[in-house]
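Student: Structure file work.txt, compact mmCIF, C-alpha atoms, is pasted below:
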```txt
# COMPACT_ATOMS: atom_id res chain seq x y z
CA MET H 1 6.69 -3.00 -0.72
CA GLU H 2 6.52 -0.20 1.86
CA ILE H 3 4.15 2.74 2.30
CA GLY H 4 5.60 5.71 4.16
CA ILE H 5 3.14 7.68 6.32
CA VAL H 6 4.27 11.30 6.12
CA GLY H 7 2.99 14.76 6.92
CA LEU H 8 3.50 17.78 9.12
CA PRO H 9 3.75 17.30 12.91
CA ASN H 10 0.49 16.64 14.78
CA VAL H 11 -1.63 15.70 11.78
CA GLY H 12 -2.40 12.25 13.26
CA LYS H 13 0.25 10.08 11.58
CA SER H 14 1.10 8.03 14.65
CA THR H 15 -2.55 7.76 15.68
CA LEU H 16 -3.30 6.39 12.22
CA PHE H 17 -0.37 4.00 12.48
CA ASN H 18 -1.58 2.74 15.86
CA ALA H 19 -5.00 2.12 14.39
CA LEU H 20 -3.43 0.23 11.48
CA LEU H 21 -1.61 -2.10 13.82
CA LYS H 22 -4.51 -2.24 16.32
CA ARG H 23 -2.07 -1.74 19.13
CA GLN H 24 0.00 1.08 20.58
CA VAL H 25 3.33 0.71 18.79
CA ALA H 26 4.15 4.32 18.04
CA LEU H 27 4.70 7.09 20.51
CA VAL H 28 1.65 9.32 20.20
CA ALA H 29 2.09 12.68 21.84
CA ASN H 30 0.89 16.21 21.39
CA TYR H 31 4.36 17.45 20.54
CA PRO H 32 6.25 17.95 17.26
CA PHE H 33 8.86 15.23 16.56
CA ALA H 34 7.41 12.89 19.20
CA THR H 35 8.19 10.05 16.76
CA ILE H 36 11.93 10.31 16.11
CA GLU H 37 12.66 6.86 14.69
CA PRO H 38 10.39 5.44 12.00
CA ASN H 39 8.07 2.71 13.21
CA THR H 40 7.42 -0.13 10.81
CA GLY H 41 4.48 -2.50 10.86
CA VAL H 42 3.20 -5.23 8.58
CA VAL H 43 -0.56 -4.97 8.26
CA PRO H 44 -2.82 -7.77 6.96
CA VAL H 45 -5.02 -6.89 3.99
CA PRO H 46 -8.68 -7.58 4.90
CA ASP H 47 -9.91 -10.38 2.64
CA GLY H 48 -13.26 -12.08 3.16
CA ARG H 49 -12.45 -14.59 0.41
CA LEU H 50 -10.14 -16.49 2.77
CA ASP H 51 -12.96 -17.10 5.24
CA LYS H 52 -15.05 -18.69 2.49
CA LEU H 53 -12.12 -20.69 1.09
CA ALA H 54 -11.37 -22.08 4.55
CA GLU H 55 -14.98 -23.25 4.92
CA VAL H 56 -14.95 -24.88 1.48
CA VAL H 57 -11.65 -26.69 2.12
CA LYS H 58 -12.79 -27.92 5.53
CA GLU H 59 -15.99 -29.33 4.03
CA SER H 60 -14.50 -30.79 0.86
CA GLU H 61 -11.51 -32.36 2.61
CA LYS H 62 -13.58 -33.51 5.61
CA MET H 63 -11.35 -31.70 8.10
CA ASN H 64 -12.21 -31.39 11.79
CA GLU H 65 -11.32 -27.71 11.87
CA LEU H 66 -10.70 -24.83 9.50
CA PRO H 67 -7.28 -24.61 7.83
CA PRO H 68 -5.12 -21.61 8.81
CA LYS H 69 -5.72 -18.35 6.91
CA VAL H 70 -2.71 -16.34 5.72
CA TYR H 71 -3.49 -12.84 4.49
CA ALA H 72 -1.58 -10.66 2.05
CA THR H 73 0.18 -7.81 3.83
CA VAL H 74 1.20 -4.20 3.34
CA LYS H 75 4.16 -2.71 5.21
CA PHE H 76 3.61 0.78 6.61
CA VAL H 77 6.37 3.04 7.95
CA ASP H 78 5.47 5.86 10.34
CA ILE H 79 7.90 8.66 9.44
CA ALA H 80 8.20 11.56 11.88
CA GLY H 81 6.81 14.98 10.95
CA LEU H 82 8.35 17.19 8.33
CA VAL H 83 8.47 20.97 8.64
CA LYS H 84 9.05 23.81 6.22
CA GLY H 85 12.79 23.90 5.51
CA ALA H 86 13.28 20.13 5.84
CA SER H 87 15.10 20.04 2.50
CA GLN H 88 17.70 22.33 4.13
CA GLY H 89 17.93 20.14 7.22
CA GLU H 90 15.39 22.01 9.35
CA GLY H 91 13.60 20.09 12.11
CA LEU H 92 15.53 16.76 11.62
CA GLY H 93 14.71 17.05 7.93
CA ASN H 94 17.69 15.20 6.46
CA LYS H 95 16.94 12.09 8.48
CA PHE H 96 13.25 12.09 7.64
CA LEU H 97 13.80 12.74 3.94
CA ALA H 98 16.18 9.77 3.86
CA HIS H 99 13.44 7.56 5.30
CA ILE H 100 10.95 8.80 2.69
CA ARG H 101 13.45 8.01 -0.06
CA GLU H 102 13.48 4.35 1.00
CA VAL H 103 9.73 3.65 0.74
CA ASP H 104 7.82 2.65 -2.41
CA ALA H 105 4.85 4.99 -2.00
CA ILE H 106 3.73 7.83 0.24
CA ALA H 107 0.56 8.09 2.33
CA HIS H 108 0.38 11.86 2.82
CA VAL H 109 -1.63 12.57 5.98
CA LEU H 110 -3.31 15.98 6.09
CA ARG H 111 -5.09 17.46 9.06
CA ASP H 112 -8.72 18.40 8.54
CA PHE H 113 -10.01 17.82 12.07
CA THR H 114 -10.72 20.31 14.84
CA ASP H 115 -9.11 19.82 18.26
CA GLU H 116 -7.96 22.81 20.27
CA ASN H 117 -5.89 20.50 22.49
CA VAL H 118 -3.63 19.42 19.63
CA ILE H 119 -1.08 22.01 18.51
CA ARG H 120 -1.38 22.89 14.83
CA ALA H 121 2.09 22.87 13.27
CA GLY H 122 1.03 23.67 9.71
CA ALA H 123 -1.22 25.99 7.78
CA ALA H 124 -4.95 26.46 8.19
CA ASP H 125 -6.17 24.01 5.54
CA PRO H 126 -5.22 20.62 4.04
CA GLN H 127 -4.31 21.99 0.59
CA SER H 128 -1.78 24.41 2.09
CA ASP H 129 -0.32 21.70 4.34
CA PHE H 130 0.07 19.43 1.32
CA GLU H 131 1.83 22.18 -0.62
CA VAL H 132 4.30 22.75 2.26
CA VAL H 133 5.44 19.12 2.34
CA GLU H 134 5.31 18.71 -1.45
CA ALA H 135 7.51 21.81 -1.80
CA GLU H 136 10.12 20.26 0.52
CA LEU H 137 10.16 17.06 -1.53
CA LEU H 138 10.42 19.05 -4.77
CA LEU H 139 13.38 21.02 -3.37
CA ALA H 140 15.10 17.84 -2.18
CA ASP H 141 14.60 16.27 -5.62
CA LEU H 142 15.97 19.40 -7.27
CA GLN H 143 19.14 18.98 -5.22
CA THR H 144 19.33 15.36 -6.37
CA ALA H 145 18.88 16.36 -10.03
CA GLU H 146 21.62 18.98 -9.72
CA ARG H 147 24.01 16.42 -8.20
CA VAL H 148 23.28 13.94 -10.99
CA GLN H 149 24.21 16.60 -13.57
CA ASP H 150 27.85 16.27 -12.46
CA THR H 151 28.10 12.94 -14.31
CA LYS H 152 30.16 12.56 -17.49
CA ASP H 153 27.36 10.50 -19.08
CA ASN H 154 25.63 12.98 -21.41
CA ILE H 155 22.39 10.98 -21.61
CA ILE H 156 22.00 10.98 -17.82
CA LYS H 157 23.15 14.61 -17.57
CA ASN H 158 20.61 15.82 -20.14
CA LEU H 159 17.84 13.85 -18.47
CA ALA H 160 18.73 15.36 -15.09
CA VAL H 161 18.65 18.87 -16.61
CA LYS H 162 15.22 18.18 -18.09
CA ILE H 163 13.93 16.89 -14.73
CA ALA H 164 15.38 19.87 -12.85
CA LEU H 165 13.65 22.36 -15.18
CA ASP H 166 10.25 20.75 -14.52
CA LEU H 167 10.93 20.55 -10.78
CA GLN H 168 11.65 24.30 -10.79
CA LYS H 169 8.19 24.76 -12.31
CA GLY H 170 6.68 22.77 -9.42
CA ILE H 171 6.05 19.63 -11.47
CA PRO H 172 6.76 16.46 -9.44
CA VAL H 173 8.68 13.70 -11.20
CA ARG H 174 5.62 11.41 -11.18
CA ASP H 175 3.81 13.95 -13.44
CA GLN H 176 6.70 14.45 -15.87
CA SER H 177 6.86 12.68 -19.25
CA PHE H 178 9.56 10.12 -20.05
CA THR H 179 10.32 7.52 -22.68
CA ASP H 180 10.56 3.90 -21.54
CA GLU H 181 14.35 4.12 -21.63
CA GLU H 182 14.38 7.38 -19.66
CA LEU H 183 12.03 5.87 -17.08
CA LYS H 184 14.55 3.12 -16.33
CA LEU H 185 17.19 5.78 -15.60
CA VAL H 186 14.79 7.89 -13.54
CA LYS H 187 14.06 4.93 -11.26
CA GLN H 188 17.77 4.60 -10.51
CA MET H 189 17.91 8.24 -9.36
CA ALA H 190 15.50 7.67 -6.46
CA PHE H 191 13.47 10.87 -6.73
CA MET H 192 10.98 11.26 -3.90
CA THR H 193 8.32 12.98 -6.02
CA ALA H 194 8.43 10.04 -8.43
CA LYS H 195 6.71 7.88 -5.81
CA PRO H 196 2.95 7.35 -6.05
CA VAL H 197 0.96 9.26 -3.45
CA ILE H 198 -2.22 8.63 -1.48
CA ILE H 199 -3.78 11.63 0.23
CA VAL H 200 -5.10 10.63 3.66
CA LEU H 201 -7.44 13.30 5.00
CA ASN H 202 -7.67 12.96 8.78
CA VAL H 203 -11.13 14.38 9.38
CA ASP H 204 -13.68 14.75 12.15
CA GLU H 205 -15.95 11.73 12.34
CA LYS H 206 -18.99 13.69 11.12
CA PHE H 207 -17.13 14.66 7.92
CA ILE H 208 -15.92 11.16 7.05
CA ASN H 209 -17.67 11.32 3.64
CA ASN H 210 -16.62 14.88 2.69
CA ALA H 211 -13.59 16.92 1.51
CA SER H 212 -10.92 16.46 -1.16
CA VAL H 213 -7.44 17.65 -2.16
CA GLY H 214 -6.57 18.26 -5.81
CA GLU H 215 -6.61 15.33 -8.22
CA LEU H 216 -4.58 12.79 -6.22
CA PRO H 217 -6.18 9.62 -4.81
CA VAL H 218 -7.90 10.52 -1.54
CA VAL H 219 -8.88 8.34 1.43
CA ARG H 220 -10.87 10.05 4.19
CA ILE H 221 -10.16 8.73 7.66
CA SER H 222 -10.90 9.77 11.20
CA ALA H 223 -7.77 8.37 12.87
CA LYS H 224 -9.32 8.91 16.29
CA MET H 225 -12.42 6.97 15.26
CA GLU H 226 -10.30 4.17 13.78
CA ILE H 227 -8.53 3.73 17.13
CA GLU H 228 -11.90 3.40 18.85
CA LEU H 229 -13.14 1.06 16.12
CA ALA H 230 -10.11 -1.20 16.54
CA GLU H 231 -11.09 -1.85 20.15
CA LEU H 232 -14.48 -3.29 19.16
CA VAL H 233 -15.30 -6.87 18.20
CA GLU H 234 -16.22 -7.52 14.57
CA GLU H 235 -20.01 -7.33 14.98
CA GLU H 236 -19.75 -4.08 16.95
CA GLN H 237 -17.49 -2.65 14.24
CA LYS H 238 -20.08 -3.43 11.57
CA ALA H 239 -22.83 -1.76 13.61
CA TYR H 240 -20.62 1.28 14.24
CA LEU H 241 -19.89 1.69 10.52
CA GLN H 242 -23.53 1.14 9.60
CA ASP H 243 -24.50 4.00 11.91
CA LEU H 244 -22.04 6.21 10.01
CA GLY H 245 -23.49 5.15 6.67
CA VAL H 246 -20.31 3.44 5.40
CA THR H 247 -19.64 -0.21 4.56
CA GLU H 248 -15.95 -0.43 5.45
CA SER H 249 -13.48 1.33 7.71
CA GLY H 250 -11.10 4.01 6.53
CA LEU H 251 -8.20 1.65 7.20
CA GLN H 252 -9.65 -0.95 4.85
CA ARG H 253 -9.99 1.71 2.14
CA LEU H 254 -6.42 2.88 2.76
CA ILE H 255 -4.97 -0.62 2.55
CA ARG H 256 -6.87 -1.33 -0.68
CA LYS H 257 -5.76 1.99 -2.15
CA ALA H 258 -2.16 1.21 -1.17
CA PHE H 259 -2.39 -2.08 -3.05
CA ASP H 260 -3.83 -0.27 -6.05
CA ILE H 261 -1.24 2.52 -6.37
CA LEU H 262 1.60 0.02 -5.99
CA GLY H 263 0.16 -1.99 -8.89
CA LEU H 264 -0.37 -5.08 -6.74
CA GLN H 265 -2.91 -7.89 -6.84
CA THR H 266 -3.33 -11.29 -5.23
CA PHE H 267 -3.85 -14.86 -6.27
CA LEU H 268 -5.23 -17.53 -3.95
CA THR H 269 -4.21 -21.03 -2.90
CA ALA H 270 -6.53 -23.36 -1.00
CA GLY H 271 -5.45 -26.59 0.67
CA VAL H 272 -5.49 -28.46 3.95
CA LYS H 273 -2.27 -26.80 5.15
CA GLU H 274 -3.57 -23.26 4.62
CA VAL H 275 -5.69 -20.94 2.52
CA ARG H 276 -3.65 -17.95 1.45
CA ALA H 277 -3.58 -14.73 -0.56
CA TRP H 278 -0.23 -14.19 -2.30
CA THR H 279 0.91 -10.75 -3.43
CA ILE H 280 2.20 -10.17 -6.97
CA LYS H 281 2.55 -7.23 -9.35
CA LYS H 282 -0.22 -6.81 -11.91
CA GLY H 283 0.84 -8.43 -15.18
CA THR H 284 2.80 -11.23 -13.49
CA LYS H 285 2.96 -14.47 -15.46
CA ALA H 286 2.27 -17.89 -13.93
CA PRO H 287 5.90 -19.10 -13.50
CA HIS H 288 6.91 -15.96 -11.61
CA ALA H 289 3.79 -16.17 -9.45
CA ALA H 290 4.77 -19.75 -8.61
CA GLY H 291 8.17 -18.44 -7.60
CA VAL H 292 6.52 -16.21 -4.98
CA ILE H 293 5.52 -19.40 -3.17
CA HIS H 294 8.98 -20.97 -3.55
CA THR H 295 11.85 -19.99 -5.83
CA ASP H 296 12.23 -23.58 -7.05
CA PHE H 297 8.62 -23.52 -8.29
CA GLU H 298 9.50 -20.92 -10.92
CA LYS H 299 12.55 -22.88 -12.06
CA HIS H 300 10.66 -26.17 -12.33
CA PHE H 301 7.27 -24.78 -13.44
CA ILE H 302 5.24 -27.13 -15.66
CA LYS H 303 1.70 -25.73 -15.63
CA ALA H 304 -0.94 -24.12 -13.44
CA ASP H 305 -4.41 -25.42 -12.65
CA VAL H 306 -6.59 -22.33 -12.32
CA VAL H 307 -10.20 -21.78 -11.32
CA GLU H 308 -12.01 -18.51 -10.67
CA TYR H 309 -12.75 -17.91 -6.97
CA GLU H 310 -16.56 -17.78 -7.28
CA GLN H 311 -16.58 -20.99 -9.33
CA PHE H 312 -14.30 -22.70 -6.81
CA VAL H 313 -16.63 -21.78 -3.96
CA SER H 314 -19.85 -22.68 -5.77
CA ALA H 315 -18.40 -26.03 -6.90
CA GLY H 316 -17.25 -26.85 -3.38
CA GLY H 317 -13.50 -27.35 -3.76
CA TRP H 318 -10.91 -28.68 -6.17
CA ASN H 319 -12.36 -32.14 -6.85
CA ASN H 320 -15.84 -30.89 -7.63
CA ALA H 321 -14.51 -27.96 -9.68
CA ARG H 322 -12.49 -30.37 -11.82
CA GLN H 323 -15.45 -32.68 -12.30
CA ALA H 324 -17.58 -29.70 -13.34
CA GLY H 325 -14.98 -28.66 -15.92
CA LYS H 326 -14.28 -25.33 -14.19
CA VAL H 327 -10.52 -25.84 -13.81
CA ARG H 328 -8.30 -24.54 -16.63
CA THR H 329 -4.76 -25.63 -17.38
CA GLU H 330 -2.50 -22.65 -18.08
CA GLY H 331 1.10 -22.50 -19.28
CA ARG H 332 4.12 -20.23 -18.98
CA GLU H 333 2.60 -17.24 -20.80
CA TYR H 334 -0.54 -17.05 -18.66
CA VAL H 335 -0.95 -13.66 -16.98
CA MET H 336 -2.35 -14.05 -13.47
CA ARG H 337 -5.71 -12.46 -12.67
CA GLU H 338 -7.28 -11.24 -9.46
CA ASN H 339 -9.51 -14.00 -7.96
CA ASP H 340 -7.47 -16.85 -9.48
CA VAL H 341 -7.38 -19.90 -7.21
CA VAL H 342 -4.30 -21.85 -8.29
CA GLU H 343 -2.47 -25.14 -7.95
CA PHE H 344 0.98 -25.05 -9.55
CA LYS H 345 2.41 -28.22 -11.05
CA VAL H 346 6.19 -28.35 -10.85
CA GLY H 347 8.90 -30.88 -11.74
CA VAL H 348 11.46 -32.30 -9.36
```
Translate this structure into structure tokens?

Tutor:
Amino acid sequence: MEIGIVGLPNVGKSTLFNALLKRQVALVANYPFATIEPNTGVVPVPDGRLDKLAEVVKESEKMNELPPKVYATVKFVDIAGLVKGASQGEGLGNKFLAHIREVDAIAHVLRDFTDENVIRAGAADPQSDFEVVEAELLLADLQTAERVQDTKDNIIKNLAVKIALDLQKGIPVRDQSFTDEELKLVKQMAFMTAKPVIIVLNVDEKFINNASVGELPVVRISAKMEIELAELVEEEQKAYLQDLGVTESGLQRLIRKAFDILGLQTFLTAGVKEVRAWTIKKGTKAPHAAGVIHTDFEKHFIKADVVEYEQFVSAGGWNNARQAGKVRTEGREYVMRENDVVEFKVGV
């Protein structure tokens, strides 16, 4: 799963990306199109549960040191700035639109900070900037819908006509209505406005708790502050955030929101080799979740031993949880839940 970071030039996309990776991996410059090739980074999802699981496993298994912790991850792609006319190839538009088409969701960065030293490439306010980029994506999708209409398949042709009419009214594909069968066809057409969107407002530090844009999910971040925050040790970060009156960084909120809009969740495993958060889609059943660990596990799935995270921790590990009757045995139809700690039983 990939999240594309998009927006007009000089809104802070690459600064945000650098903060996400906690190192300088993107070219940050006060110049439109400074980032020509998309930069991709895999970012760990903050998860305090793994710290606790590691402590429990070390104690219960009488280990000399903590087992390794393996976090769930989100992949972010820094896509260079769009400009008005991108759908017609302006600015390097064709290349950038192609990159957007490949990601699963869009983090739409909007500038709401004041800095006279950074050239403003867009309009005077976040809502207008959003409308500029959204309009380019709508136009690009309209071109796609018109191309699809050339097919001899009447079902697909009629669907494309219906989509094009709504796009002409300014309605993105994600807000259009489809039957389940139509939705399967829509997914094959790769419309950019069908992708879920997170609005990332890049604000001045003093406005970190203010501002909004329409009805889309909004995360308020000061990208500049996040860069500074990333340079601090954990205790200093906590003190910094406490002074601002917030409990977690903007990056943590963004990563959690990314997980949410992609319909993702995690399940946990805890053993001497590692404690780990595994990523699955919401609604995933136990055999498929087992297959995330190893494909053979799904094929040879027998059952799953499951205990809720808090109960696992309070009991003090697998043996004690079993003795206390906290471990459930689940079969093939079990739908995985957030906070499940699992041991899968598989055949040879």

Student: Which residues come within 9 Å of Ala289 (chain H), counting only C-alpha atoms, excluding same-chain residues fewer than 5 positions away, as a PyMOL selection string?

Tutor: chain H and resi 267+278-280+284+297-298+336

Student: From (25.7, 10.8, -11.1), in the file's coordinates, out to 12 Å: which residues are reached, counting only C-alpha atoms? Answer as a short mmCIF file (atom, residue, chain, number, x, y, z; two decimals) with C-alpha atoms, keeping the file's coordinate frame.

Tutor:
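The result, written out as selection-v7.cif:
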```cif
data_model
loop_
_atom_site.label_atom_id
_atom_site.label_comp_id
_atom_site.auth_asym_id
_atom_site.auth_seq_id
_atom_site.Cartn_x
_atom_site.Cartn_y
_atom_site.Cartn_z
CA THR H 144 19.33 15.36 -6.37
CA ALA H 145 18.88 16.36 -10.03
CA GLU H 146 21.62 18.98 -9.72
CA ARG H 147 24.01 16.42 -8.20
CA VAL H 148 23.28 13.94 -10.99
CA GLN H 149 24.21 16.60 -13.57
CA ASP H 150 27.85 16.27 -12.46
CA THR H 151 28.10 12.94 -14.31
CA LYS H 152 30.16 12.56 -17.49
CA ASP H 153 27.36 10.50 -19.08
CA ASN H 154 25.63 12.98 -21.41
CA ILE H 155 22.39 10.98 -21.61
CA ILE H 156 22.00 10.98 -17.82
CA LYS H 157 23.15 14.61 -17.57
CA ASN H 158 20.61 15.82 -20.14
CA LEU H 159 17.84 13.85 -18.47
CA ALA H 160 18.73 15.36 -15.09
CA LEU H 185 17.19 5.78 -15.60
CA VAL H 186 14.79 7.89 -13.54
CA GLN H 188 17.77 4.60 -10.51
CA MET H 189 17.91 8.24 -9.36
CA ALA H 190 15.50 7.67 -6.46
#
```

Student: Between CA of Lys195 (chain H) and CA of Ala105 (chain H), measure the distance and give it in Å to one decimal.

Tutor: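 Interatomic distance here is 5.1 Å.
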
Student: Mind listing whatever residues come within 10 Å of the point (-7.6, -19.6, -9.8)? Use only C-alpha atoms, file coordinates, and give them as a ChimeraX atom specification.

Tutor: /H:267-270,304-312,326-328,336-343

Student: Would you please work out which residue, of H:Asp204, H:Glu134, H:Asp175, H:Glu333, is nearest to Arg111 (chain H) when using all atoms listed in the file?

Tutor: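 Ranking H:Asp204, H:Glu134, H:Asp175, H:Glu333 by distance to Arg111 (chain H), first place goes to H:Asp204.
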
Student: Name the residues in contact with Asp125 (chain H) at a cut-off of 10 Å, using all atoms listed in the file, excluding same-chain residues fewer than 2 positions from it; report them as a ChimeraX atom specification.

Tutor: /H:110-113,122-123,127-130

Student: Can you work out which one of H:Lys187, H:Lys345, H:Lys281, H:His288 has the shortest atom-to-atom distance to Lys303 (chain H), counting all atoms listed in the file?

Tutor: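 Counting all atoms listed in the file, the residue closest to Lys303 (chain H) is H:Lys345.
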
Student: Which value, in Å to one decimal, gives the distance between CA of Val70 (chain H) and CA of Lys273 (chain H)?

Tutor: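 Taking CA of Val70 (chain H) as the start and CA of Lys273 (chain H) as the end point, the length is 10.5 Å.
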
Student: Provide the CA of Leu142 (chain H) to CA of Gln168 (chain H) distance in Å, to one decimal place.

Tutor: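 Distance between the two atoms: 7.4 Å.
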
Student: Using only C-alpha atoms, pick whichever of H:Arg174, H:His108, H:Lys162, H:Lys62 has the shortest atom-to-atom distance to Val11 (chain H).

Tutor: H:His108

Student: Which residue out of H:Val132, H:Ala72, H:Ala98, H:Val57 has the minimum interatomic distance to Val45 (chain H) when only C-alpha atoms are used?

Tutor: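 Among the listed residues, H:Ala72 lies closest to Val45 (chain H).
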
Student: Check the smallest atom-to-atom distance from each of H:Pro9, H:Gly317, H:Gly325, H:Gly291 to Val109 (chain H) using all atoms listed in the file, then report the winner.

Tutor: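 Of the candidates, the smallest distance to Val109 (chain H) is held by H:Pro9.
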
Student: Nearest to Ile227 (chain H) among H:Val103, H:Leu139, H:Leu21, H:Ile261, with distances taken over only C-alpha atoms: which residue is it?

Tutor: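 Looking at the shortest contact to Ile227 (chain H), the residue is H:Leu21.
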
Student: Excluding Asp104 (chain H) and its own-chain neighbours fewer than 5 positions away, which residues fall within 7 Å of it when counting all atoms listed in the file? Please give them as an mmCIF file with C-alpha atoms, in the frame of the given file.

Tutor:
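In the end it all went to around20.cif:
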```
data_model
loop_
_atom_site.group_PDB
_atom_site.id
_atom_site.type_symbol
_atom_site.label_atom_id
_atom_site.label_comp_id
_atom_site.auth_asym_id
_atom_site.auth_seq_id
_atom_site.Cartn_x
_atom_site.Cartn_y
_atom_site.Cartn_z
ATOM 1 C CA MET H 1 6.690 -3.000 -0.720
ATOM 2 C CA GLU H 2 6.520 -0.200 1.860
ATOM 3 C CA ILE H 3 4.150 2.740 2.300
ATOM 4 C CA LYS H 195 6.710 7.880 -5.810
#
```

Student: Contacts of Gly263 (chain H) at 10 Å or less, counting only C-alpha atoms, minus same-chain residues fewer than 3 places along, as a list in words?

Tutor: Lys257, Ala258, Phe259, Asp260, Ile280, Lys281, Lys282 and Gly283 of chain H

Student: Have region 59-74 of chain H completed to N, CA, C and O atoms, please, and pass it along as a PDB file, in the coordinates of the input.

Tutor:
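After the write, part-v9.pdb holds the following:
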```
ATOM      1  N   GLU H  59     -14.876 -28.447   4.423  1.00  0.00           N
ATOM      2  CA  GLU H  59     -15.990 -29.330   4.030  1.00  0.00           C
ATOM      3  C   GLU H  59     -15.558 -30.353   2.993  1.00  0.00           C
ATOM      4  O   GLU H  59     -15.843 -31.552   3.126  1.00  0.00           O
ATOM      5  N   SER H  60     -14.850 -29.887   1.964  1.00  0.00           N
ATOM      6  CA  SER H  60     -14.500 -30.790   0.860  1.00  0.00           C
ATOM      7  C   SER H  60     -13.445 -31.819   1.258  1.00  0.00           C
ATOM      8  O   SER H  60     -13.420 -32.935   0.742  1.00  0.00           O
ATOM      9  N   GLU H  61     -12.581 -31.451   2.193  1.00  0.00           N
ATOM     10  CA  GLU H  61     -11.510 -32.360   2.610  1.00  0.00           C
ATOM     11  C   GLU H  61     -11.853 -33.084   3.917  1.00  0.00           C
ATOM     12  O   GLU H  61     -11.015 -33.788   4.474  1.00  0.00           O
ATOM     13  N   LYS H  62     -13.088 -32.857   4.392  1.00  0.00           N
ATOM     14  CA  LYS H  62     -13.580 -33.510   5.610  1.00  0.00           C
ATOM     15  C   LYS H  62     -12.633 -33.303   6.798  1.00  0.00           C
ATOM     16  O   LYS H  62     -12.267 -34.238   7.509  1.00  0.00           O
ATOM     17  N   MET H  63     -12.246 -32.062   7.002  1.00  0.00           N
ATOM     18  CA  MET H  63     -11.350 -31.700   8.100  1.00  0.00           C
ATOM     19  C   MET H  63     -12.165 -31.440   9.371  1.00  0.00           C
ATOM     20  O   MET H  63     -13.336 -31.048   9.305  1.00  0.00           O
ATOM     21  N   ASN H  64     -11.541 -31.632  10.511  1.00  0.00           N
ATOM     22  CA  ASN H  64     -12.210 -31.390  11.790  1.00  0.00           C
ATOM     23  C   ASN H  64     -12.271 -29.907  12.139  1.00  0.00           C
ATOM     24  O   ASN H  64     -13.130 -29.469  12.900  1.00  0.00           O
ATOM     25  N   GLU H  65     -11.338 -29.148  11.604  1.00  0.00           N
ATOM     26  CA  GLU H  65     -11.320 -27.710  11.870  1.00  0.00           C
ATOM     27  C   GLU H  65     -10.861 -26.956  10.633  1.00  0.00           C
ATOM     28  O   GLU H  65     -10.342 -27.550   9.679  1.00  0.00           O
ATOM     29  N   LEU H  66     -11.062 -25.643  10.649  1.00  0.00           N
ATOM     30  CA  LEU H  66     -10.700 -24.830   9.500  1.00  0.00           C
ATOM     31  C   LEU H  66      -9.179 -24.784   9.312  1.00  0.00           C
ATOM     32  O   LEU H  66      -8.431 -24.741  10.282  1.00  0.00           O
ATOM     33  N   PRO H  67      -8.720 -24.782   8.066  1.00  0.00           N
ATOM     34  CA  PRO H  67      -7.280 -24.610   7.830  1.00  0.00           C
ATOM     35  C   PRO H  67      -6.865 -23.185   8.193  1.00  0.00           C
ATOM     36  O   PRO H  67      -7.688 -22.270   8.194  1.00  0.00           O
ATOM     37  N   PRO H  68      -5.596 -22.974   8.505  1.00  0.00           N
ATOM     38  CA  PRO H  68      -5.120 -21.610   8.810  1.00  0.00           C
ATOM     39  C   PRO H  68      -5.330 -20.672   7.625  1.00  0.00           C
ATOM     40  O   PRO H  68      -5.256 -21.087   6.464  1.00  0.00           O
ATOM     41  N   LYS H  69      -5.573 -19.392   7.947  1.00  0.00           N
ATOM     42  CA  LYS H  69      -5.720 -18.350   6.910  1.00  0.00           C
ATOM     43  C   LYS H  69      -4.502 -17.436   6.956  1.00  0.00           C
ATOM     44  O   LYS H  69      -4.138 -16.942   8.022  1.00  0.00           O
ATOM     45  N   VAL H  70      -3.887 -17.219   5.803  1.00  0.00           N
ATOM     46  CA  VAL H  70      -2.710 -16.340   5.720  1.00  0.00           C
ATOM     47  C   VAL H  70      -3.030 -15.211   4.747  1.00  0.00           C
ATOM     48  O   VAL H  70      -3.224 -15.442   3.550  1.00  0.00           O
ATOM     49  N   TYR H  71      -3.077 -13.996   5.270  1.00  0.00           N
ATOM     50  CA  TYR H  71      -3.490 -12.840   4.490  1.00  0.00           C
ATOM     51  C   TYR H  71      -2.299 -12.200   3.770  1.00  0.00           C
ATOM     52  O   TYR H  71      -1.156 -12.289   4.216  1.00  0.00           O
ATOM     53  N   ALA H  72      -2.581 -11.534   2.661  1.00  0.00           N
ATOM     54  CA  ALA H  72      -1.580 -10.660   2.050  1.00  0.00           C
ATOM     55  C   ALA H  72      -1.316  -9.509   3.023  1.00  0.00           C
ATOM     56  O   ALA H  72      -2.139  -9.218   3.895  1.00  0.00           O
ATOM     57  N   THR H  73      -0.181  -8.874   2.892  1.00  0.00           N
ATOM     58  CA  THR H  73       0.180  -7.810   3.830  1.00  0.00           C
ATOM     59  C   THR H  73       0.690  -6.570   3.103  1.00  0.00           C
ATOM     60  O   THR H  73       1.133  -6.640   1.952  1.00  0.00           O
ATOM     61  N   VAL H  74       0.588  -5.449   3.792  1.00  0.00           N
ATOM     62  CA  VAL H  74       1.200  -4.200   3.340  1.00  0.00           C
ATOM     63  C   VAL H  74       2.063  -3.695   4.488  1.00  0.00           C
ATOM     64  O   VAL H  74       1.643  -3.727   5.651  1.00  0.00           O
TER      65      VAL H  74
END
```
